[in-house]
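Engineer: For reference, the file input-v8.txt (compact mmCIF, C-alpha atoms) is included below:
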# COMPACT_ATOMS: atom_id res chain seq x y z
CA MET K 1 0.00 0.00 0.00
CA LEU K 2 1.22 3.49 -0.91
CA ILE K 3 0.99 5.98 1.99
CA MET K 4 1.12 9.71 1.19
CA ASP K 5 0.52 13.02 2.91
CA VAL K 6 -0.15 16.42 1.35
CA GLY K 7 1.18 18.70 4.11
CA SER K 8 3.02 22.00 3.71
CA THR K 9 5.99 20.97 5.88
CA LYS K 10 7.94 17.78 5.37
CA ARG K 11 10.55 17.33 8.11
CA ASP K 12 7.93 16.97 10.87
CA VAL K 13 5.87 14.51 8.79
CA VAL K 14 8.97 12.43 8.01
CA ASP K 15 9.87 12.39 11.73
CA ALA K 16 6.37 11.25 12.63
CA ALA K 17 6.42 8.57 9.90
CA ARG K 18 9.73 7.23 11.24
CA ARG K 19 8.23 6.90 14.71
CA VAL K 20 4.91 5.40 13.69
CA LEU K 21 5.26 3.45 10.44
CA ARG K 22 8.37 1.47 11.46
CA ASP K 23 8.51 -1.56 9.08
CA HIS K 24 6.16 0.20 6.66
CA LEU K 25 8.29 3.33 6.37
CA GLY K 26 9.32 2.27 2.85
CA SER K 27 5.69 2.67 1.69
CA PHE K 28 5.55 6.33 2.71
CA VAL K 29 6.06 9.03 0.09
CA PRO K 30 5.93 12.56 1.58
CA ALA K 31 4.19 14.91 -0.89
CA HIS K 32 3.41 18.61 -1.10
CA PRO K 33 1.16 19.88 -3.89
CA ILE K 34 1.88 23.62 -4.42
CA THR K 35 -1.65 24.86 -4.69
CA GLY K 36 -4.57 25.55 -2.44
CA LYS K 37 -7.34 27.93 -1.54
CA GLU K 38 -7.87 30.26 1.36
CA VAL K 39 -11.28 28.62 1.90
CA ALA K 40 -11.88 25.06 3.13
CA GLY K 41 -14.74 22.57 2.77
CA VAL K 42 -16.28 20.48 0.02
CA GLU K 43 -18.42 23.44 -1.14
CA HIS K 44 -15.21 25.04 -2.44
CA ALA K 45 -14.04 21.89 -4.28
CA ASP K 46 -12.37 22.58 -7.62
CA ALA K 47 -11.66 19.77 -10.09
CA ASP K 48 -8.91 21.85 -11.71
CA LEU K 49 -7.10 22.73 -8.46
CA TYR K 50 -4.09 20.54 -9.30
CA ARG K 51 -3.93 21.06 -13.06
CA GLY K 52 -0.59 22.46 -14.19
CA LYS K 53 0.63 22.87 -10.58
CA GLN K 54 3.86 21.58 -9.02
CA VAL K 55 4.08 18.71 -6.57
CA ILE K 56 7.19 18.19 -4.47
CA LEU K 57 7.97 14.64 -3.34
CA THR K 58 10.56 14.36 -0.56
CA PRO K 59 11.54 10.67 -0.44
CA ILE K 60 13.90 9.49 2.31
CA GLU K 61 16.52 6.75 2.30
CA LYS K 62 13.98 3.97 3.08
CA THR K 63 11.39 5.02 0.48
CA GLN K 64 10.81 2.19 -2.00
CA THR K 65 11.27 3.18 -5.64
CA ALA K 66 8.09 1.32 -6.68
CA HIS K 67 6.02 3.45 -4.29
CA LEU K 68 7.80 6.61 -5.36
CA LYS K 69 6.96 5.77 -9.00
CA ARG K 70 3.28 5.13 -8.12
CA ALA K 71 3.09 8.47 -6.29
CA GLN K 72 4.65 10.27 -9.25
CA ASP K 73 2.25 8.60 -11.72
CA LEU K 74 -0.74 9.52 -9.57
CA TRP K 75 0.14 13.23 -9.42
CA GLU K 76 0.98 13.35 -13.11
CA ALA K 77 -2.41 11.80 -13.89
CA LEU K 78 -3.97 14.76 -12.02
CA GLY K 79 -2.06 17.13 -14.32
CA CYS K 80 0.80 18.06 -11.96
CA HIS K 81 4.51 18.62 -12.59
CA VAL K 82 6.40 16.45 -10.12
CA GLN K 83 9.83 17.16 -8.68
CA GLN K 84 11.86 15.69 -5.86
CA MET K 85 13.94 17.29 -3.15
CA ALA K 86 15.21 16.56 0.37
CA PRO K 87 12.74 17.27 3.23
CA ASP K 88 15.11 19.87 4.77
CA SER K 89 15.59 21.82 1.54
CA HIS K 90 11.84 21.75 1.01
CA ASP K 91 11.15 23.29 4.41
CA ALA K 92 13.72 26.09 3.94
CA ALA K 93 12.32 26.98 0.52
CA PHE K 94 8.70 27.06 1.67
CA ALA K 95 9.51 29.10 4.75
CA ALA K 96 10.74 31.75 2.26
CA VAL K 97 8.03 31.64 -0.42
CA SER K 98 4.94 30.51 1.48
CA HIS K 99 5.09 30.43 5.28
CA LEU K 100 6.68 33.86 5.75
CA PRO K 101 4.29 35.52 3.25
CA HIS K 102 1.36 34.04 5.21
CA LEU K 103 2.81 35.23 8.53
CA VAL K 104 3.36 38.72 7.07
CA ALA K 105 -0.18 38.87 5.66
CA PHE K 106 -1.65 37.85 9.05
CA ALA K 107 0.55 40.43 10.83
CA LEU K 108 -0.53 43.20 8.44
CA MET K 109 -4.23 42.46 9.04
CA ASP K 110 -3.52 42.30 12.78
CA ALA K 111 -1.78 45.69 12.76
CA ILE K 112 -4.64 47.34 10.84
CA GLN K 113 -7.49 45.89 12.90
CA ARG K 114 -5.82 47.00 16.16
CA GLN K 115 -6.13 50.66 15.11
CA PRO K 116 -9.23 52.69 16.02
CA GLN K 117 -9.52 53.79 12.36
CA GLY K 118 -8.87 50.25 11.09
CA LYS K 119 -12.36 49.69 9.68
CA GLU K 120 -12.33 53.02 7.90
CA PHE K 121 -8.91 52.21 6.39
CA LEU K 122 -10.17 48.82 5.16
CA GLY K 123 -13.13 50.49 3.46
CA LEU K 124 -10.68 52.34 1.21
CA ALA K 125 -8.47 49.42 0.24
CA GLY K 126 -8.24 48.42 -3.42
CA PRO K 127 -7.14 45.58 -5.68
CA GLY K 128 -3.47 45.67 -4.56
CA PHE K 129 -4.55 45.12 -0.96
CA ARG K 130 -7.04 42.45 -2.06
CA ASP K 131 -4.36 40.30 -3.70
CA PHE K 132 -1.65 40.99 -1.12
CA THR K 133 -3.89 39.92 1.77
CA ARG K 134 -5.81 37.07 0.09
CA ILE K 135 -3.73 34.47 1.95
CA ALA K 136 -4.51 36.18 5.29
CA ALA K 137 -7.99 34.62 5.08
CA SER K 138 -6.44 31.13 5.29
CA ASP K 139 -7.52 28.57 7.88
CA PRO K 140 -6.23 29.49 11.39
CA LYS K 141 -5.65 25.94 12.69
CA VAL K 142 -3.89 24.78 9.53
CA TRP K 143 -1.59 27.81 9.57
CA ARG K 144 -0.96 27.72 13.30
CA ASP K 145 0.33 24.18 12.75
CA ILE K 146 2.42 25.05 9.68
CA LEU K 147 4.04 28.08 11.35
CA LEU K 148 4.79 26.07 14.51
CA SER K 149 6.12 22.98 12.77
CA ASN K 150 8.45 24.99 10.53
CA ARG K 151 9.33 27.65 13.11
CA VAL K 152 13.13 27.31 12.85
CA GLU K 153 13.27 28.00 9.10
CA LEU K 154 10.44 30.54 9.42
CA VAL K 155 12.25 32.63 12.01
CA GLU K 156 15.44 32.59 9.95
CA GLN K 157 13.56 33.85 6.86
CA ALA K 158 11.68 36.42 8.97
CA ARG K 159 14.93 37.89 10.32
CA MET K 160 16.24 38.41 6.77
CA PHE K 161 12.94 40.02 5.75
CA GLN K 162 12.98 42.31 8.81
CA ARG K 163 16.48 43.50 7.87
CA SER K 164 15.39 44.27 4.29
CA LEU K 165 12.31 46.11 5.53
CA GLU K 166 14.25 48.13 8.11
CA ASN K 167 16.85 49.06 5.48
CA MET K 168 14.14 50.35 3.13
CA LEU K 169 12.45 52.28 5.93
CA GLN K 170 15.76 53.94 6.80
CA LEU K 171 16.26 54.91 3.16
CA ALA K 172 12.74 56.40 3.05
CA GLU K 173 13.11 58.23 6.38
CA THR K 174 16.45 59.78 5.43
CA GLY K 175 15.24 60.65 1.92
CA ALA K 176 17.93 58.48 0.26
CA SER K 177 16.03 58.63 -3.03
CA ASP K 178 18.55 56.95 -5.36
CA GLN K 179 19.30 54.04 -3.04
CA LEU K 180 15.61 53.49 -2.33
CA GLU K 181 14.85 53.42 -6.05
CA GLU K 182 17.68 50.94 -6.59
CA VAL K 183 16.31 48.46 -4.02
CA ILE K 184 12.77 48.80 -5.39
CA ALA K 185 13.99 48.44 -8.98
CA GLN K 186 15.85 45.22 -8.18
CA ALA K 187 12.85 43.76 -6.28
CA SER K 188 10.49 44.82 -9.06
CA GLN K 189 12.73 43.28 -11.73
CA VAL K 190 12.99 39.94 -9.92
CA ARG K 191 9.22 39.79 -9.46
CA ALA K 192 8.45 40.86 -13.04
CA ASN K 193 10.74 38.11 -14.38
CA TRP K 194 9.24 35.45 -12.13
CA HIS K 195 6.72 33.04 -13.59
CA MET K 196 4.98 30.43 -11.52
CA GLY K 197 6.47 26.96 -11.76
CA ARG K 198 9.47 27.98 -13.84
CA LYS K 199 13.04 27.65 -12.54
CA LYS K 200 15.32 30.40 -13.81
CA MET W 201 -10.62 75.14 -16.22
CA LEU W 202 -10.75 72.13 -13.90
CA ILE W 203 -7.30 70.97 -12.75
CA MET W 204 -6.95 67.44 -11.33
CA ASP W 205 -4.23 65.00 -10.40
CA VAL W 206 -4.50 61.23 -9.93
CA GLY W 207 -1.63 60.66 -7.48
CA SER W 208 -1.48 58.18 -4.58
CA THR W 209 -0.59 60.82 -1.97
CA LYS W 210 -2.51 64.01 -1.49
CA ARG W 211 -0.83 66.21 1.14
CA ASP W 212 2.27 66.77 -1.01
CA VAL W 213 0.17 67.52 -4.10
CA VAL W 214 -1.96 69.98 -2.16
CA ASP W 215 1.20 71.68 -0.84
CA ALA W 216 2.60 71.94 -4.37
CA ALA W 217 -0.71 73.29 -5.68
CA ARG W 218 -0.76 75.99 -2.97
CA ARG W 219 2.74 77.10 -3.99
CA VAL W 220 2.24 77.01 -7.74
CA LEU W 221 -1.41 77.62 -8.62
CA ARG W 222 -1.89 80.69 -6.38
CA ASP W 223 -5.00 82.49 -7.76
CA HIS W 224 -6.08 79.34 -9.58
CA LEU W 225 -5.98 77.13 -6.48
CA GLY W 226 -9.80 77.05 -6.44
CA SER W 227 -9.80 75.19 -9.77
CA PHE W 228 -7.75 72.33 -8.37
CA VAL W 229 -9.48 69.12 -7.25
CA PRO W 230 -7.03 66.56 -5.82
CA ALA W 231 -8.13 63.03 -6.85
CA HIS W 232 -7.02 59.47 -6.19
CA PRO W 233 -8.61 56.63 -8.16
CA ILE W 234 -8.15 53.38 -6.17
CA THR W 235 -7.09 51.11 -8.97
CA GLY W 236 -4.03 50.46 -11.06
CA LYS W 237 -1.77 47.90 -12.60
CA GLU W 238 1.73 46.77 -11.81
CA VAL W 239 2.65 47.41 -15.47
CA ALA W 240 2.86 50.81 -17.16
CA GLY W 241 2.54 51.99 -20.75
CA VAL W 242 -0.19 52.33 -23.36
CA GLU W 243 0.20 48.67 -24.37
CA HIS W 244 -1.37 47.75 -21.01
CA ALA W 245 -4.31 50.16 -21.38
CA ASP W 246 -7.60 48.79 -20.05
CA ALA W 247 -10.90 50.53 -20.83
CA ASP W 248 -12.48 48.92 -17.75
CA LEU W 249 -9.73 49.91 -15.31
CA TYR W 250 -11.94 52.44 -13.48
CA ARG W 251 -15.29 50.64 -13.68
CA GLY W 252 -16.78 49.98 -10.24
CA LYS W 253 -13.71 51.35 -8.46
CA GLN W 254 -13.50 54.03 -5.78
CA VAL W 255 -12.17 57.53 -6.33
CA ILE W 256 -11.24 59.74 -3.38
CA LEU W 257 -11.47 63.50 -3.85
CA THR W 258 -9.68 65.58 -1.21
CA PRO W 259 -10.92 69.17 -1.70
CA ILE W 260 -9.38 71.94 0.41
CA GLU W 261 -10.88 75.16 1.77
CA LYS W 262 -10.31 77.08 -1.49
CA THR W 263 -11.72 74.42 -3.84
CA GLN W 264 -14.68 75.81 -5.77
CA THR W 265 -17.84 73.72 -5.50
CA ALA W 266 -18.52 74.01 -9.24
CA HIS W 267 -15.14 72.37 -10.01
CA LEU W 268 -15.67 69.74 -7.34
CA LYS W 269 -19.00 68.88 -8.95
CA ARG W 270 -17.40 68.65 -12.40
CA ALA W 271 -14.71 66.33 -11.08
CA GLN W 272 -17.29 64.13 -9.37
CA ASP W 273 -19.41 63.95 -12.56
CA LEU W 274 -16.36 63.03 -14.63
CA TRP W 275 -15.37 60.10 -12.39
CA GLU W 276 -18.93 58.87 -12.10
CA ALA W 277 -19.22 58.92 -15.89
CA LEU W 278 -16.23 56.54 -15.94
CA GLY W 279 -18.12 54.17 -13.62
CA CYS W 280 -16.45 55.11 -10.32
CA HIS W 281 -17.84 55.50 -6.81
CA VAL W 282 -16.71 58.91 -5.56
CA GLN W 283 -16.11 59.87 -1.95
CA GLN W 284 -14.49 62.85 -0.25
CA MET W 285 -12.07 63.08 2.63
CA ALA W 286 -9.40 65.41 4.01
CA PRO W 287 -5.92 65.14 2.44
CA ASP W 288 -4.35 64.13 5.80
CA SER W 289 -6.86 61.36 6.53
CA HIS W 290 -6.38 60.09 3.00
CA ASP W 291 -2.62 59.81 3.43
CA ALA W 292 -2.87 57.94 6.76
CA ALA W 293 -5.37 55.45 5.34
CA PHE W 294 -3.35 54.73 2.22
CA ALA W 295 -0.12 54.34 4.17
CA ALA W 296 -1.91 51.45 5.93
CA VAL W 297 -3.70 49.72 3.04
CA SER W 298 -1.47 50.49 0.06
CA HIS W 299 1.93 52.04 0.71
CA LEU W 300 2.98 49.68 3.51
CA PRO W 301 1.83 46.57 1.60
CA HIS W 302 3.94 47.72 -1.36
CA LEU W 303 6.97 48.36 0.87
CA VAL W 304 6.53 44.93 2.48
CA ALA W 305 6.22 43.19 -0.90
CA PHE W 306 9.40 44.92 -2.16
CA ALA W 307 11.24 43.98 1.07
CA LEU W 308 10.18 40.34 0.78
CA MET W 309 11.48 40.09 -2.80
CA ASP W 310 14.68 41.85 -1.68
CA ALA W 311 15.22 39.39 1.19
CA ILE W 312 14.71 36.36 -1.09
CA GLN W 313 16.90 37.54 -3.94
CA ARG W 314 19.78 38.31 -1.56
CA GLN W 315 20.02 34.61 -0.61
CA PRO W 316 22.27 32.23 -2.57
CA GLN W 317 19.35 29.81 -2.95
CA GLY W 318 16.94 32.62 -3.82
CA LYS W 319 16.40 31.54 -7.43
CA GLU W 320 15.75 27.95 -6.42
CA PHE W 321 13.23 29.12 -3.81
CA LEU W 322 11.41 31.26 -6.39
CA GLY W 323 11.13 28.26 -8.71
CA LEU W 324 8.98 26.54 -6.09
CA ALA W 325 6.64 29.42 -5.30
CA GLY W 326 2.92 28.97 -5.96
CA PRO W 327 -0.32 30.95 -6.33
CA GLY W 328 -0.21 32.39 -2.79
CA PHE W 329 3.20 33.92 -3.50
CA ARG W 330 2.03 35.09 -6.94
CA ASP W 331 -0.83 37.16 -5.52
CA PHE W 332 1.04 38.34 -2.42
CA THR W 333 3.96 39.69 -4.47
CA ARG W 334 2.06 40.97 -7.52
CA ILE W 335 2.43 44.58 -6.33
CA ALA W 336 6.21 44.09 -5.92
CA ALA W 337 6.47 44.34 -9.73
CA SER W 338 5.21 47.93 -9.59
CA ASP W 339 7.09 50.82 -11.18
CA PRO W 340 10.24 51.74 -9.16
CA LYS W 341 10.21 55.50 -9.81
CA VAL W 342 6.50 55.86 -9.07
CA TRP W 343 6.85 53.91 -5.81
CA ARG W 344 10.06 55.60 -4.75
CA ASP W 345 8.15 58.89 -4.98
CA ILE W 346 5.06 57.59 -3.16
CA LEU W 347 7.07 56.06 -0.30
CA LEU W 348 9.16 59.22 0.08
CA SER W 349 6.28 61.67 -0.12
CA ASN W 350 4.22 59.78 2.46
CA ARG W 351 7.14 58.70 4.64
CA VAL W 352 5.81 60.03 7.95
CA GLU W 353 2.55 58.07 7.82
CA LEU W 354 4.35 55.11 6.22
CA VAL W 355 6.90 54.78 9.02
CA GLU W 356 4.14 55.01 11.63
CA GLN W 357 2.19 52.19 9.97
CA ALA W 358 5.38 50.16 9.51
CA ARG W 359 6.21 50.36 13.23
CA MET W 360 2.78 48.96 14.12
CA PHE W 361 3.19 46.18 11.57
CA GLN W 362 6.67 45.33 12.88
CA ARG W 363 5.25 45.00 16.41
CA SER W 364 2.50 42.65 15.21
CA LEU W 365 5.00 40.57 13.24
CA GLU W 366 7.46 40.36 16.14
CA ASN W 367 4.66 39.34 18.50
CA MET W 368 3.59 36.50 16.18
CA LEU W 369 7.20 35.36 15.75
CA GLN W 370 7.63 35.22 19.53
CA LEU W 371 4.45 33.15 19.84
CA ALA W 372 5.72 30.74 17.16
CA GLU W 373 9.21 30.50 18.65
CA THR W 374 7.93 29.80 22.16
CA GLY W 375 5.31 27.35 20.88
CA ALA W 376 2.42 29.44 22.28
CA SER W 377 -0.03 27.51 20.15
CA ASP W 378 -3.36 28.84 21.47
CA GLN W 379 -2.31 32.49 21.40
CA LEU W 380 -0.85 32.14 17.91
CA GLU W 381 -4.08 30.58 16.66
CA GLU W 382 -6.06 33.39 18.25
CA VAL W 383 -4.09 36.12 16.45
CA ILE W 384 -4.32 34.25 13.14
CA ALA W 385 -8.05 33.58 13.61
CA GLN W 386 -8.76 37.25 14.20
CA ALA W 387 -6.68 38.35 11.19
CA SER W 388 -8.29 35.66 9.03
CA GLN W 389 -11.78 36.69 10.12
CA VAL W 390 -11.20 40.36 9.38
CA ARG W 391 -9.84 39.53 5.92
CA ALA W 392 -12.60 37.01 5.11
CA ASN W 393 -15.25 39.62 6.00
CA TRP W 394 -13.60 42.34 3.94
CA HIS W 395 -14.99 43.14 0.52
CA MET W 396 -13.43 45.68 -1.76
CA GLY W 397 -15.08 49.07 -1.75
CA ARG W 398 -17.48 48.32 1.08
CA LYS W 399 -17.35 50.18 4.40
CA LYS W 400 -18.30 48.00 7.35
Starting from the file, lay out its structure as structure tokens.
Structural biologist:
Amino acid sequence: MLIMDVGSTKRDVVDAARRVLRDHLGSFVPAHPITGKEVAGVEHADADLYRGKQVILTPIEKTQTAHLKRAQDLWEALGCHVQQMAPDSHDAAFAAVSHLPHLVAFALMDAIQRQPQGKEFLGLAGPGFRDFTRIAASDPKVWRDILLSNRVELVEQARMFQRSLENMLQLAETGASDQLEEVIAQASQVRANWHMGRKK
Amino acid sequence: MLIMDVGSTKRDVVDAARRVLRDHLGSFVPAHPITGKEVAGVEHADADLYRGKQVILTPIEKTQTAHLKRAQDLWEALGCHVQQMAPDSHDAAFAAVSHLPHLVAFALMDAIQRQPQGKEFLGLAGPGFRDFTRIAASDPKVWRDILLSNRVELVEQARMFQRSLENMLQLAETGASDQLEEVIAQASQVRANWHMGRKK
């Protein structure tokens, strides 16, 4: 029997599998489909949710190749692009591109709603805010667990982000126009050249 | 003649108008349509860009009511919902729901691209990252000017955001599961109940 999970962190799931599956550990293929919605429940089901999306498999030393192949075939049949990486590398990468963005989106909503004028501010927000904060509507229990289980990598990524943010704030406060433009231009360029699911 | 601007900050534009327009200050109606794209140029023109969107007019004491009316009629003819507020209140609100989100999105891209594995991380990013960072592709010169001209309100909003972020990081690091879930749940609730262009 093939055993799979579809969680957003892999090191904790692999640790749990080692403890629990014992002799059946070879049947376990850790998987992470890179897609999702900020809403849960069967009423939000979407038959095309996986089409064209990436799935990361993070096999370990005991994983049996036959099961790995079955897992790969299954995801490809759903229309996914499958790639493999080590559980640790997976968790570092997703701290940077998924878990930290969620944490930041939650923190931004938190900071706004704590202000007396918060509701008035929200009434004026536009499409940029809508897209930026979409992930802040995600499921609290799911994200509590993700942030906790990947806290080491998350904190490391957060510290780097805080340094970048503080640097930009200093440039704005001191009116360092050219340097501020340079940082923005580089960030803007990297984002404009990024396309989902394509390695550069 | 009606004179209007469509900039994202209003206090600086009003100050400039006072200095420059002198006797014609009454013809000036400061305006801010709450919509836009992260790409510039006529090749990205969109006839529906303003339809159903909000426009904020920030008239001052000298603004002539006839010109204010003309401005309102013009925006409504384009399909916009028009509302009025003071230039100062406008700038505080947009620091919170637009300028800070842009700064944060730029800083996140900056923090990722500074890392040796940055490109590899970006290759794994999914739809959540796509939406969260869309505004990071915005025009560098435009955003340099916005961040600089609204720096006082921006820094104030950024300090509140930094406190919220640091609080959540502490909760994650110390494994304060219930409290972390509570903060996320509140943020998630506020975002889920938010709908663009609707005051609550």
Engineer: Select, from W:Met309, W:Gln317, W:Gln379, W:Val229, the residue with the minimum atom-to-atom distance to chain K, counting all atoms listed in the file.
Structural biologist: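 Using all atoms listed in the file, the shortest distance to chain K belongs to W:Met309.
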Engineer: As number ranges by chain, could you give me every residue of chain W near chain K (at most 6 Å apart, counting all atoms listed in the file)?
Structural biologist: W: 234, 293, 297, 306-311, 321, 323, 325-326, 331-332, 336-337, 340, 344, 348, 360-361, 364-365, 372, 381, 384-385, 387-388, 391-392, 397-399
Engineer: Between CA of Thr65 (chain K) and CA of Gln84 (chain K), what distance in Å does the model show, to one decimal?
Structural biologist: 12.5 Å
Engineer: If I take CA of His267 (chain W) and CA of Phe228 (chain W), how far is one from the other in Å, to one decimal?
Structural biologist: 7.6 Å
Engineer: In Å, rounded to a single decimal, give me how far CA of Met4 (chain K) is from CA of Gly26 (chain K).
Structural biologist: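 Distance reported for this atom pair: 11.2 Å.
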Engineer: Using all atoms listed in the file, which of the listed residues (K:Ala77, K:Val82, K:Ala47, K:Ala17) sits closest to Ile60 (chain K)?
Structural biologist: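 For Ile60 (chain K), the nearest of the candidates is K:Ala17.
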Engineer: Could you name the residues that touch Asp88 (chain K) at 10 Å or less, counting all atoms listed in the file, but leaving out those on the same chain fewer than 4 positions away, as a CSV table (one decimal) with C-alpha atoms, in the coordinates of the input?
Structural biologist:
chain,number,residue,atom,x,y,z
K,9,THR,CA,6.0,21.0,5.9
K,10,LYS,CA,7.9,17.8,5.4
K,11,ARG,CA,10.6,17.3,8.1
K,12,ASP,CA,7.9,17.0,10.9
K,58,THR,CA,10.6,14.4,-0.6
K,92,ALA,CA,13.7,26.1,3.9
K,93,ALA,CA,12.3,27.0,0.5
K,153,GLU,CA,13.3,28.0,9.1
Engineer: Please complete region 13-26 of chain K with N, CA, C and O atoms and give it back as a PDB file, in the coordinates of the input.
Structural biologist:
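And here is the file that came out, out-v5.pdb:
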ATOM      1  N   VAL K  13       6.648  15.668   9.248  1.00  0.00           N
ATOM      2  CA  VAL K  13       5.870  14.510   8.790  1.00  0.00           C
ATOM      3  C   VAL K  13       6.795  13.294   8.655  1.00  0.00           C
ATOM      4  O   VAL K  13       6.415  12.181   9.028  1.00  0.00           O
ATOM      5  N   VAL K  14       7.998  13.535   8.144  1.00  0.00           N
ATOM      6  CA  VAL K  14       8.970  12.430   8.010  1.00  0.00           C
ATOM      7  C   VAL K  14       9.345  11.906   9.402  1.00  0.00           C
ATOM      8  O   VAL K  14       9.407  10.689   9.618  1.00  0.00           O
ATOM      9  N   ASP K  15       9.552  12.819  10.353  1.00  0.00           N
ATOM     10  CA  ASP K  15       9.870  12.390  11.730  1.00  0.00           C
ATOM     11  C   ASP K  15       8.737  11.536  12.309  1.00  0.00           C
ATOM     12  O   ASP K  15       8.987  10.494  12.918  1.00  0.00           O
ATOM     13  N   ALA K  16       7.522  12.002  12.121  1.00  0.00           N
ATOM     14  CA  ALA K  16       6.370  11.250  12.630  1.00  0.00           C
ATOM     15  C   ALA K  16       6.264   9.887  11.956  1.00  0.00           C
ATOM     16  O   ALA K  16       5.987   8.875  12.609  1.00  0.00           O
ATOM     17  N   ALA K  17       6.496   9.839  10.641  1.00  0.00           N
ATOM     18  CA  ALA K  17       6.420   8.570   9.900  1.00  0.00           C
ATOM     19  C   ALA K  17       7.476   7.597  10.423  1.00  0.00           C
ATOM     20  O   ALA K  17       7.203   6.398  10.592  1.00  0.00           O
ATOM     21  N   ARG K  18       8.674   8.107  10.696  1.00  0.00           N
ATOM     22  CA  ARG K  18       9.730   7.230  11.240  1.00  0.00           C
ATOM     23  C   ARG K  18       9.294   6.601  12.563  1.00  0.00           C
ATOM     24  O   ARG K  18       9.513   5.426  12.811  1.00  0.00           O
ATOM     25  N   ARG K  19       8.661   7.405  13.403  1.00  0.00           N
ATOM     26  CA  ARG K  19       8.230   6.900  14.710  1.00  0.00           C
ATOM     27  C   ARG K  19       7.108   5.890  14.591  1.00  0.00           C
ATOM     28  O   ARG K  19       7.085   4.889  15.290  1.00  0.00           O
ATOM     29  N   VAL K  20       6.163   6.153  13.692  1.00  0.00           N
ATOM     30  CA  VAL K  20       4.910   5.400  13.690  1.00  0.00           C
ATOM     31  C   VAL K  20       4.892   4.249  12.689  1.00  0.00           C
ATOM     32  O   VAL K  20       4.397   3.153  12.991  1.00  0.00           O
ATOM     33  N   LEU K  21       5.427   4.467  11.498  1.00  0.00           N
ATOM     34  CA  LEU K  21       5.260   3.450  10.440  1.00  0.00           C
ATOM     35  C   LEU K  21       6.233   2.282  10.582  1.00  0.00           C
ATOM     36  O   LEU K  21       5.972   1.197  10.070  1.00  0.00           O
ATOM     37  N   ARG K  22       7.369   2.517  11.208  1.00  0.00           N
ATOM     38  CA  ARG K  22       8.370   1.470  11.460  1.00  0.00           C
ATOM     39  C   ARG K  22       8.647   0.622  10.209  1.00  0.00           C
ATOM     40  O   ARG K  22       9.184   1.130   9.239  1.00  0.00           O
ATOM     41  N   ASP K  23       8.209  -0.648  10.196  1.00  0.00           N
ATOM     42  CA  ASP K  23       8.510  -1.560   9.080  1.00  0.00           C
ATOM     43  C   ASP K  23       7.863  -1.115   7.765  1.00  0.00           C
ATOM     44  O   ASP K  23       8.231  -1.581   6.689  1.00  0.00           O
ATOM     45  N   HIS K  24       6.860  -0.248   7.865  1.00  0.00           N
ATOM     46  CA  HIS K  24       6.160   0.200   6.660  1.00  0.00           C
ATOM     47  C   HIS K  24       6.681   1.539   6.151  1.00  0.00           C
ATOM     48  O   HIS K  24       6.095   2.118   5.229  1.00  0.00           O
ATOM     49  N   LEU K  25       7.749   2.019   6.750  1.00  0.00           N
ATOM     50  CA  LEU K  25       8.290   3.330   6.370  1.00  0.00           C
ATOM     51  C   LEU K  25       8.583   3.422   4.872  1.00  0.00           C
ATOM     52  O   LEU K  25       8.408   4.478   4.257  1.00  0.00           O
ATOM     53  N   GLY K  26       8.996   2.306   4.276  1.00  0.00           N
ATOM     54  CA  GLY K  26       9.320   2.270   2.850  1.00  0.00           C
ATOM     55  C   GLY K  26       8.129   2.557   1.939  1.00  0.00           C
ATOM     56  O   GLY K  26       8.289   2.890   0.757  1.00  0.00           O
TER      57      GLY K  26
END
